Amino acid sequence: MKVVPFLLSAALTTGLIYTLNTKTILPAPLGKLLSPQQGVWQNAEAANKDYSGDVSFPQLSGKTEVYFDDRLVPHIFADNENDAFFVQGYLHAKFRLWQMEFQTHAAAGRLSEILGGKEERILNFDRNMRRLGMVYAAEIAEKETAKDPEIKATCDAYTAGVNAYISSLTESQLPIEYKLIGYAPEKWTNLKTALFLKYMSLDLAGHDDDFEMTNAKRFFSADDFSKLYPAIHDSLDPIIPRGTVLAAQTVFPTAPAFADSLYLNNKDLVSLESFKPDRDNGSNNWAVSGKKTKSGYPILCNDPHLGLNLPSLWYEMQISTPTFNAYGASFPGAPCVIIGFNDSCAFGFTNGGRDVRDYYEVQFKDANRAQYLFNGDWKNTRWRIDTIKIKDQPDFIDSVAYVQLGDDWCPVMYDKNFSGNRTSNQKNYAVRWKAHDKSNELKIFNLLDHAKNYTDYQAAVTYLHTPGQNCAFACKNGDIAIRTQGEWPAKWKGQGDFIMPGTDTSYLWQGMIPQEEVPFQYNPERGFISSANQKPVEESYPYYMGRNYPLYRGIIINKRLNAMNNISVDDMKALQTDNYNEVADMILPLLMKNLQTAGFGAAEKKYYDLLATWNLRNDPGSKGATIFEVLFQKLQDTVYGDEYAKAPKVILRPFESTLVEGLLKDSAYKFADNINTPVVETVSDAVTAAFKKTVLMVKEAETKGKLEWDKYKGTRVVNLARIPVFSRTNLPIGGGVHTINAAKEAHGPSWRMIVHLTPETEAYGIYPGGQNGNPGSKYYDGFVDDWAAGKYYRLWVMKKGEEKDSRVKGRMSFGKGS
Amino acid sequence: MKFLISLLLTALLSFAACLYFPWWSIAIAAFIVAVVIHQKAGWAFLSAFLALLLLWGGLSFWISNNNEHLLAHKVSVLILKMDNPYVLILATALIGALVAGFAAISGSFLRKSK
C-alpha cells in the first residue's frame with residue numbers, strides 16, 4: 001500500500017503551508033504575503049492607474065464629483081456640506097486608512113493590541129497614553145461636540161464616509177501595513193476623530209518639563225537656577241510687538257504665601273527619558289499687508305514644523321459646496337480643511353507653546369488609593385479601569401485613580417504602579433492638562449473654512465482652546481491679523497514650572513485668561529504680522545507665560561519683514577526656505593574672537609578657516625554650517641557639562657538662549673569655568689576647548705564624507721511603522737533649528753504654504769510626502785525631492801466648468817443609492 | 001499530453017480558487033488535479049510545480065511590471081534583504097510551485113494507494 005508515502009507527502013505539504021502562513025517558524029508568513037492574488041503584490045499599483053469610478057451610498061443625499069489632478073489632489077464638488085464631508089472621509093480612508101487607524105490607536109494607548117507585548121516599551125507607551133487621560137479627554141470632547149448639531153452632523157458624515165470605504169475592502173485590498181503586521185481595520189467612530197485631535201493636542205500642547213525643572217531647582221542654588229533658566233530674555237522679539245497696548249487685566253492670580261518653601265522640596269528623582277512631544281513642535285507664519293507687497297494685495301505664509309512622516313500628517317484637498325470653497329491641508333482622521341484658504345481669506349497656525357500641563361502631588365490615605373486628601377478631608381477616588389489588549393498575550397489591566405482638584409477630575413498619572421520613567425514610584429502625581437477640558441475644536445476649522453472676513457475669523461478662533469495656536473489671517477479686502485489664541489490658564493509668576501502640592505486649592509489654576517484679553521494684532525502699523533513660537537508678548541505681561549521659548553526664528557523673520565517692501569510671492573518663497581543662521585549671526589563673532597588660535601595644529605587651522613569664511617548660511621553643501629552647529633553643541637557641553645555632572649538624570653539642560661544671551665551679556669560668564677579643576681577657566685578657554693572637541697568630530701565626519709551640512713544632518717522622512725524601506729533618508733536639504741527653514745533630522749516644515757490674496761487666489765504649497773499612503777503607489781513620496789529642493793507647487797483652485805482641463809486625470813462620482 | 005493538461009488545469013483551478021479562497025487553496029487545486037489526472041509522483045510534482053511557477057511567477061511579474069517594480073524594490077529589501085525585484089518574483093513563483101508540487105505528490109500517492 002502506498003499509504004505511508006501519501007501520509008508523508010500530505011504531512012509535508014501541510015507543514016509547508018503552515019510554515020508559509022504563520023510567523024511561528026519563519027519571521028513572516030511568506031505564502032500569504034507573496035501570493036499574487038491576495039498578498040502584497042495586490043498593493044503594487046499600476047503606474048497608469050485610473051482612479052475614476054462611480055460609487056453610490058445611501059447616506060448621500062445629492063451628487064458629488066471628485067476630480068483628481070496630476071498630483072492626485074482631489075477637488076471635491078458636492079451638492080451639500082454633509083455629502084462633502086462624507087466624501088472627505090471616504091477619500092481619507094481610501095488613501096490613508098492605515099495611518100488614520102495607527103495614529104488613533106497610538107493616541108488611545110492601543111499599540112500593544114497590534115504590535116504585541118514583546119517590547120516593554122510598547123506597553124509603557126500605551127499605559128502612558130491611558131494615564132495621561134487621552135481617551136478620557138477624547139470622550140469629553142466627543143460629548144461636547146455632540147451638543148453642536150452642525151459639527152455633529154459633520155462628524156457623523158465624515159465617519160460614515162470612512163466606514164463606507166472600510167466596508168468595501170476585501171482582504172486582498174488591505175493596505176500593505178495591515179498585511180505586513182497582520183491585522184485588519186476596524187470601524188471608524190466620532191470618538192476616533194476626537195482621539196486624533198487629542199493626539200495633535202499632545203503633540204502641540206502636551207509638553208512639560210515639570211519634573212525636570214523641579215529636580216533642577218533642587219539641585220542648583222537659587223542664583224544659578226535663575227541664570228540657567230532665565231524667565232526674561234533680552235533678545236526676545238515677541239509676537240505682539242513691544243509697546244503694544246493690551247486689554248486691561250481682569251483676572252489677578254496670586255501665588256500662595258508659602259509658595260517658595262513648600263513648592264520646591266521635591267525629593268523624588270529618577271531614571272530616563274519618557275514619551276515627550278518634540279520640543280521643536282512649532283512653526284512659522286506671517287502675513288504681509290498690501291502696503292508692503294508689489295501687488296497691493298496681502299500674502300499669508302505658514303509652515304508648521306512637526307515630525308516628518310510617511311504617510312504625511314497632511315492630505316491636500318479642495319472642498320467646494322454651495323456654502324464654501326476651501327483648499328488646503330487636511331488631517332486624515334478629521335473633517336474640514338485645517339491650514340488653507342477659501343475664496344475670501346487665508347489662515348495658518350503656529351504653536352502657542354505655553355505650559356498647560358501641570359503636575360500636582362497627591363496624598364492617598366492608604367496603598368489602595370481609595371481616598372485622597374483635599375482641603376483637609378478624605379475624598380473618594382474615582383476609578384478608570386483601562387484594559388490594554390496585548391496581541392498573543394493576556395490583557396493588562398491598569399487601574400487609574402482620578403482625583404478632583406478643584407472642579408476638575410484629573411488622572412493620577414504617576415504612582416506606585418507606573419513611573420513613566422520620570423518618578424521613583426514613591427509618590428503620586430496627578431496631571432492637570434488643559435486638553436481634558438470641554439471644548440469644540442473642530443468648530444474653528446469649520447468656521448474658518450466658511451469665513452469671509454475679519455469678523456468671521458474672530459468668531460471662529462475663539463473656539464480654539466487647546467492646543468493654543470497663534471492664528472494668522474489675511475483677507476482679499478486687505479485685512480491681516482494674528483491672535484495668540486487659546487484658553488490659557490491665568491498663572492502667577494512661576495506657576496506650573498515645577499510640581500505643585502495638590503492637597504488643597506492653593507496651587508490650582510485660578511481661572512482662564514478671558515478671550516477679550518487674548519493679545520492680538522489687527523492691521524498693525526508695521527504692515528505685517530508674524531509668529532514663530534516666541535513669547536506672545538513682552539515679559540511685563542501680568543500673566544505668567546513660562547520660560548522656555550524659541551527666540552531666533554522670530555527675530556530673523558521680523559528683521560527681514562521689517563526691511564522688505566514691494567514684496568512678491570518669490571520673495572516669500574525665499575524667506576520661507578531661508579537658511580540664514582540667526583544664532584550664528586549673534587554669537588559666532590564672539591566665539592571667533594575667543595578662540596586661542598596660537599596653539600592650533602593643521603587640522604584646527606583647516607576647520608578654523610572654513611568657519612571663518614562661512615557665510616552664516618546652513619545651506620546643504622555647507623561645511624561651515626556643520627562646524628558651527630557642532631561647535632555650538634560642544635560649547636554647551638563644555639560650559640555646562642561640569643555643573644550637570646552630578647545632577648539627576650531627569651533634568652532640563654539650559655535653554656539655547658541661555659548660553660547665547662549669557663555670553664553676549666557677560667564676558668566673564670561664570671559657567672565657562674570648569675568646576676572640577678582648580679584653575680578658573682575663562683570663556684576663551686571654554687570656547688577653545690569646545691573647538692578642539694569639534695575638530696575631532698568634524699574630522700571623523702569628513703572621513704565618512706559627511707562634513708557637508710545636509711549629509712551631516714541627514715534629514716529624513718520616517719515611515720510611521722518604522723519600516724526603513726518605506727522611509728526617505730538623507731535628503732539634500734539645509735536649514736535647521738536656528739534658521740527659518742527649520743528642517744532638522746526627522747522634523748521640520750511638514751507643509752509649506754504661501755497664499756497671495758489676489759482676486760483670483762494665487763497659492764503655492766508642498767509637503768514632504770505624497771497623496772497616496774500606499775508605498776506601492778507612485779504617488780507615495782513624489783513630493784519629497786521637490787520639497788527638499790525648496791520648490792513649491794502651484795495650487796489649483798478648480799472651478800466648475802474646468803472638468804475638461806488637462807490637469808484632470810481621473811473622476812469619481814458619488815451619488816445616492818443602496 | 002496528460003502532463004500538459006494537468007499543468008494547465010492546475011494553473012487554472014489555482015487561479016480560480018484564489019479568487020474566493022485563501023492562498024493555500026492552490027494546494028487543494030493541485031491535489032484535486034493530481035487525483036483526477038493520475039501521473040507518477042515525479043510527473044505529478046513537476047506538472048504542478050511548473051503550473052504554479054508559471055502562474056505565480058507570471059502574475060507577479062505582470063503586476064510588478066505595470067507597477068514599474070516600485071513596490072518590488074522595496075519589498076525585496078524588506079523580506080529578502082536585497083534590492084532585486086526579480087528575485088522577489090522568483091521567490092514568489094517558487095513558493096507557489098513548491099506548495100503545489102508537494103500537494104500534487106500527495107494526490108498522486110492517494111490515488112495509487114487506492
# chains A, B, ... in the order shown; residues from 1 in each chain; ligands from 1

$ residues_around --residues "Phe21 (chain B)" --least-positions-apart "2" --cutoff "12 Å" --atoms "only C-alpha atoms" --output "number ranges by chain"
A: 32, 35, 37-38, 170-172; B: 13-19, 23-29

$ residues_around --residues "Lys2 (chain B)" --least-positions-apart "5" --cutoff "12 Å" --atoms "only C-alpha atoms" --output "ChimeraX atom specification"
/B:7-10,33-34,36-40,43-44,47-48

$ select_by_dssp --residues "region 391-585 of chain A" --states "strand (DSSP E or B)" --output "number ranges by chain"
A: 393-405, 408-415, 418, 428-433, 469-475, 480-485, 489, 500-501, 512, 520-522, 528-531, 567, 580

$ closest_atom_pairs --of "chain B" --to "chain A" --cutoff "6 Å" --atoms "only C-alpha atoms" --output "JSON lines"
{"residue": "B:Ser60", "atom": "CA", "partner": "A:Pro36", "partner_atom": "CA", "distance": 5.5}
{"residue": "B:Asn66", "atom": "CA", "partner": "A:Ala46", "partner_atom": "CA", "distance": 4.8}
{"residue": "B:Asn67", "atom": "CA", "partner": "A:Ala46", "partner_atom": "CA", "distance": 4.4}
{"residue": "B:Leu71", "atom": "CA", "partner": "A:Gly776", "partner_atom": "CA", "distance": 4.5}
{"residue": "B:Lys74", "atom": "CA", "partner": "A:Val725", "partner_atom": "CA", "distance": 5.6}
{"residue": "B:Thr92", "atom": "CA", "partner": "A:Leu34", "partner_atom": "CA", "distance": 5.6}
{"residue": "B:Phe102", "atom": "CA", "partner": "A:Thr13", "partner_atom": "CA", "distance": 5.4}
{"residue": "B:Ala103", "atom": "CA", "partner": "A:Thr13", "partner_atom": "CA", "distance": 5.6}
{"residue": "B:Ser106", "atom": "CA", "partner": "A:Ser9", "partner_atom": "CA", "distance": 5.1}
{"residue": "B:Phe109", "atom": "CA", "partner": "A:Phe6", "partner_atom": "CA", "distance": 4.9}
{"residue": "B:Leu110", "atom": "CA", "partner": "A:Phe6", "partner_atom": "CA", "distance": 5.6}
{"residue": "B:Ser113", "atom": "CA", "partner": "A:Lys2", "partner_atom": "CA", "distance": 4.5}

$ residues_around --residues "Glu101 (chain A)" --least-positions-apart "2" --cutoff "12 Å" --atoms "only C-alpha atoms" --output "JSON, numbers by chain"
{"A": [92, 93, 96, 97, 98, 99, 103, 104, 105, 106, 107, 108, 110, 111, 114, 162, 163, 166, 175, 177, 178, 183, 184, 185, 186, 187, 188, 189, 192, 193, 195, 196, 332, 333, 334, 720, 721]}

$ residues_around --residues "region 390-403 of chain A" --least-positions-apart "4" --cutoff "7 Å" --atoms "only C-alpha atoms" --output "number ranges by chain"
A: 112-117, 131, 381-386, 409-412

$ write_last_selection --atoms "C-alpha atoms" --output "PDB file, in the first residue's frame"
ATOM      1  CA  SER A 112       0.143  46.601  22.188  1.00  0.00           C
ATOM      2  CA  GLU A 113      -3.001  45.290  20.562  1.00  0.00           C
ATOM      3  CA  ILE A 114      -1.433  45.321  17.127  1.00  0.00           C
ATOM      4  CA  LEU A 115       2.274  45.189  17.831  1.00  0.00           C
ATOM      5  CA  GLY A 116       2.258  42.733  20.719  1.00  0.00           C
ATOM      6  CA  GLY A 117       3.969  42.845  24.071  1.00  0.00           C
ATOM      7  CA  ARG A 131      -2.767  57.515  32.251  1.00  0.00           C
ATOM      8  CA  THR A 381     -11.107  58.359  44.395  1.00  0.00           C
ATOM      9  CA  ARG A 382     -12.860  57.729  41.106  1.00  0.00           C
ATOM     10  CA  TRP A 383     -11.532  54.838  39.088  1.00  0.00           C
ATOM     11  CA  ARG A 384     -10.943  54.225  35.448  1.00  0.00           C
ATOM     12  CA  ILE A 385     -10.057  50.663  34.621  1.00  0.00           C
ATOM     13  CA  ASP A 386      -8.036  50.501  31.448  1.00  0.00           C
ATOM     14  CA  TRP A 409     -11.151  65.404  37.752  1.00  0.00           C
ATOM     15  CA  CYS A 410      -7.532  64.608  36.972  1.00  0.00           C
ATOM     16  CA  PRO A 411      -5.829  61.251  36.438  1.00  0.00           C
ATOM     17  CA  VAL A 412      -3.104  60.314  38.884  1.00  0.00           C
TER      18      VAL A 412
END

$ residues_around --residues "Thr19 (chain A)" --least-positions-apart "6" --cutoff "8 Å" --atoms "only C-alpha atoms" --output "mmCIF file with C-alpha atoms, in the first residue's frame"
data_model
loop_
_atom_site.group_PDB
_atom_site.id
_atom_site.type_symbol
_atom_site.label_atom_id
_atom_site.label_comp_id
_atom_site.auth_asym_id
_atom_site.auth_seq_id
_atom_site.Cartn_x
_atom_site.Cartn_y
_atom_site.Cartn_z
ATOM 1 C CA ILE A 25 8.793 29.242 12.017
ATOM 2 C CA LEU A 26 9.640 31.974 9.564
ATOM 3 C CA PRO A 29 4.064 34.402 6.529
#

$ atom_distance --atom1 "CA of Gly348 (chain A)" --atom2 "CA of Arg752 (chain A)"
10.4 Å

$ residues_around --residues "Leu132 (chain A)" --least-positions-apart "6" --cutoff "10 Å" --atoms "only C-alpha atoms" --output "PyMOL selection string"
chain A and resi 109+126+202+206+357+400+410-414+430-433+436

$ write_last_selection --atoms "C-alpha atoms" --output "PDB file, in the first residue's frame"
ATOM      1  CA  GLY A 109      -2.785  53.544  24.000  1.00  0.00           C
ATOM      2  CA  ASP A 126       0.211  52.554  25.936  1.00  0.00           C
ATOM      3  CA  LEU A 202      -0.491  66.142  22.793  1.00  0.00           C
ATOM      4  CA  GLY A 206       1.399  68.237  25.763  1.00  0.00           C
ATOM      5  CA  ARG A 357       0.169  70.520  31.565  1.00  0.00           C
ATOM      6  CA  VAL A 400      -6.004  54.566  37.167  1.00  0.00           C
ATOM      7  CA  CYS A 410      -7.532  64.608  36.972  1.00  0.00           C
ATOM      8  CA  PRO A 411      -5.829  61.251  36.438  1.00  0.00           C
ATOM      9  CA  VAL A 412      -3.104  60.314  38.884  1.00  0.00           C
ATOM     10  CA  MET A 413      -0.686  59.630  36.085  1.00  0.00           C
ATOM     11  CA  TYR A 414       2.351  58.530  38.075  1.00  0.00           C
ATOM     12  CA  ALA A 430      -1.969  63.889  39.194  1.00  0.00           C
ATOM     13  CA  VAL A 431      -1.834  65.706  35.872  1.00  0.00           C
ATOM     14  CA  ARG A 432      -3.920  68.775  35.172  1.00  0.00           C
ATOM     15  CA  TRP A 433      -3.926  69.069  31.410  1.00  0.00           C
ATOM     16  CA  HIS A 436      -9.113  67.420  29.378  1.00  0.00           C
TER      17      HIS A 436
END

$ select_by_dssp --residues "chain B" --states "alpha helix (DSSP H)" --output "JSON, numbers by chain"
{"B": [2, 3, 4, 5, 6, 7, 8, 9, 10, 11, 12, 13, 14, 15, 16, 17, 18, 19, 20, 25, 26, 27, 28, 29, 30, 31, 32, 33, 34, 35, 36, 41, 42, 43, 44, 45, 46, 47, 48, 49, 50, 51, 52, 53, 54, 55, 56, 57, 58, 59, 60, 61, 62, 63, 64, 65, 66, 70, 71, 72, 73, 74, 75, 85, 86, 87, 88, 89, 90, 91, 92, 93, 94, 95, 96, 97, 98, 99, 100, 101, 102, 103, 104, 105, 106, 107, 108, 109, 110, 111, 112, 113]}

$ atom_distance --atom1 "CA of Asn618 (chain A)" --atom2 "CA of Trp709 (chain A)"
6.9 Å

$ closest_residue --among "A:Ile240, A:Leu405, A:Leu308, A:Val461" --to "Phe349 (chain A)" --atoms "only C-alpha atoms"
A:Val461

$ residues_around --residues "Tyr644 (chain A)" --least-positions-apart "4" --cutoff "10 Å" --atoms "only C-alpha atoms" --output "PyMOL selection string"
chain A and resi 216+219-220+637+639-640+648-649+651-653

$ write_last_selection --atoms "C-alpha atoms" --output "PDB file, in the first residue's frame"
ATOM      1  CA  ALA A 216      16.959  71.355  38.650  1.00  0.00           C
ATOM      2  CA  PHE A 219      19.958  70.711  42.610  1.00  0.00           C
ATOM      3  CA  PHE A 220      21.125  74.235  41.833  1.00  0.00           C
ATOM      4  CA  ASP A 637      28.506  70.593  26.795  1.00  0.00           C
ATOM      5  CA  VAL A 639      30.254  75.115  29.583  1.00  0.00           C
ATOM      6  CA  TYR A 640      27.521  73.260  31.418  1.00  0.00           C
ATOM      7  CA  PRO A 648      19.922  63.742  38.489  1.00  0.00           C
ATOM      8  CA  LYS A 649      19.294  62.217  35.078  1.00  0.00           C
ATOM      9  CA  ILE A 651      16.768  67.296  34.475  1.00  0.00           C
ATOM     10  CA  LEU A 652      16.495  70.032  31.906  1.00  0.00           C
ATOM     11  CA  ARG A 653      19.633  71.387  30.279  1.00  0.00           C
TER      12      ARG A 653
END

$ atom_distance --atom1 "CA of Ala11 (chain B)" --atom2 "CA of Ala51 (chain B)"
5.1 Å

$ decode --residues "region 696-730 of chain A" --atoms "C-alpha atoms" --output "tab-separated table (two decimals), in the first residue's frame"
chain	number	residue	atom	x	y	z
A	696	LEU	CA	37.72	65.72	16.34
A	697	MET	CA	34.09	65.22	15.47
A	698	VAL	CA	34.04	67.01	12.14
A	699	LYS	CA	37.28	65.36	11.11
A	700	GLU	CA	35.64	61.99	11.59
A	701	ALA	CA	32.58	63.19	9.71
A	702	GLU	CA	34.77	64.32	6.85
A	703	THR	CA	36.43	60.94	6.53
A	704	LYS	CA	32.96	59.44	6.20
A	705	GLY	CA	32.10	62.03	3.57
A	706	LYS	CA	29.57	63.69	5.85
A	707	LEU	CA	31.05	67.08	6.53
A	708	GLU	CA	28.57	68.86	4.32
A	709	TRP	CA	25.63	70.10	6.36
A	710	ASP	CA	22.89	68.14	4.61
A	711	LYS	CA	24.86	64.91	4.85
A	712	TYR	CA	25.75	65.53	8.47
A	713	LYS	CA	22.20	66.42	9.44
A	714	GLY	CA	20.69	63.57	7.47
A	715	THR	CA	17.14	64.91	7.27
A	716	ARG	CA	14.71	62.07	6.76
A	717	VAL	CA	11.01	61.42	6.44
A	718	VAL	CA	10.26	58.38	8.56
A	719	ASN	CA	7.64	55.76	7.83
A	720	LEU	CA	5.07	55.59	10.63
A	721	ALA	CA	5.58	51.84	11.05
A	722	ARG	CA	9.33	52.48	11.10
A	723	ILE	CA	9.86	50.28	8.07
A	724	PRO	CA	13.15	51.66	6.73
A	725	VAL	CA	12.49	50.84	3.13
A	726	PHE	CA	9.26	52.86	3.23
A	727	SER	CA	11.11	55.92	4.55
A	728	ARG	CA	13.13	58.54	2.72
A	729	THR	CA	16.52	59.31	4.20
A	730	ASN	CA	19.49	61.63	3.70
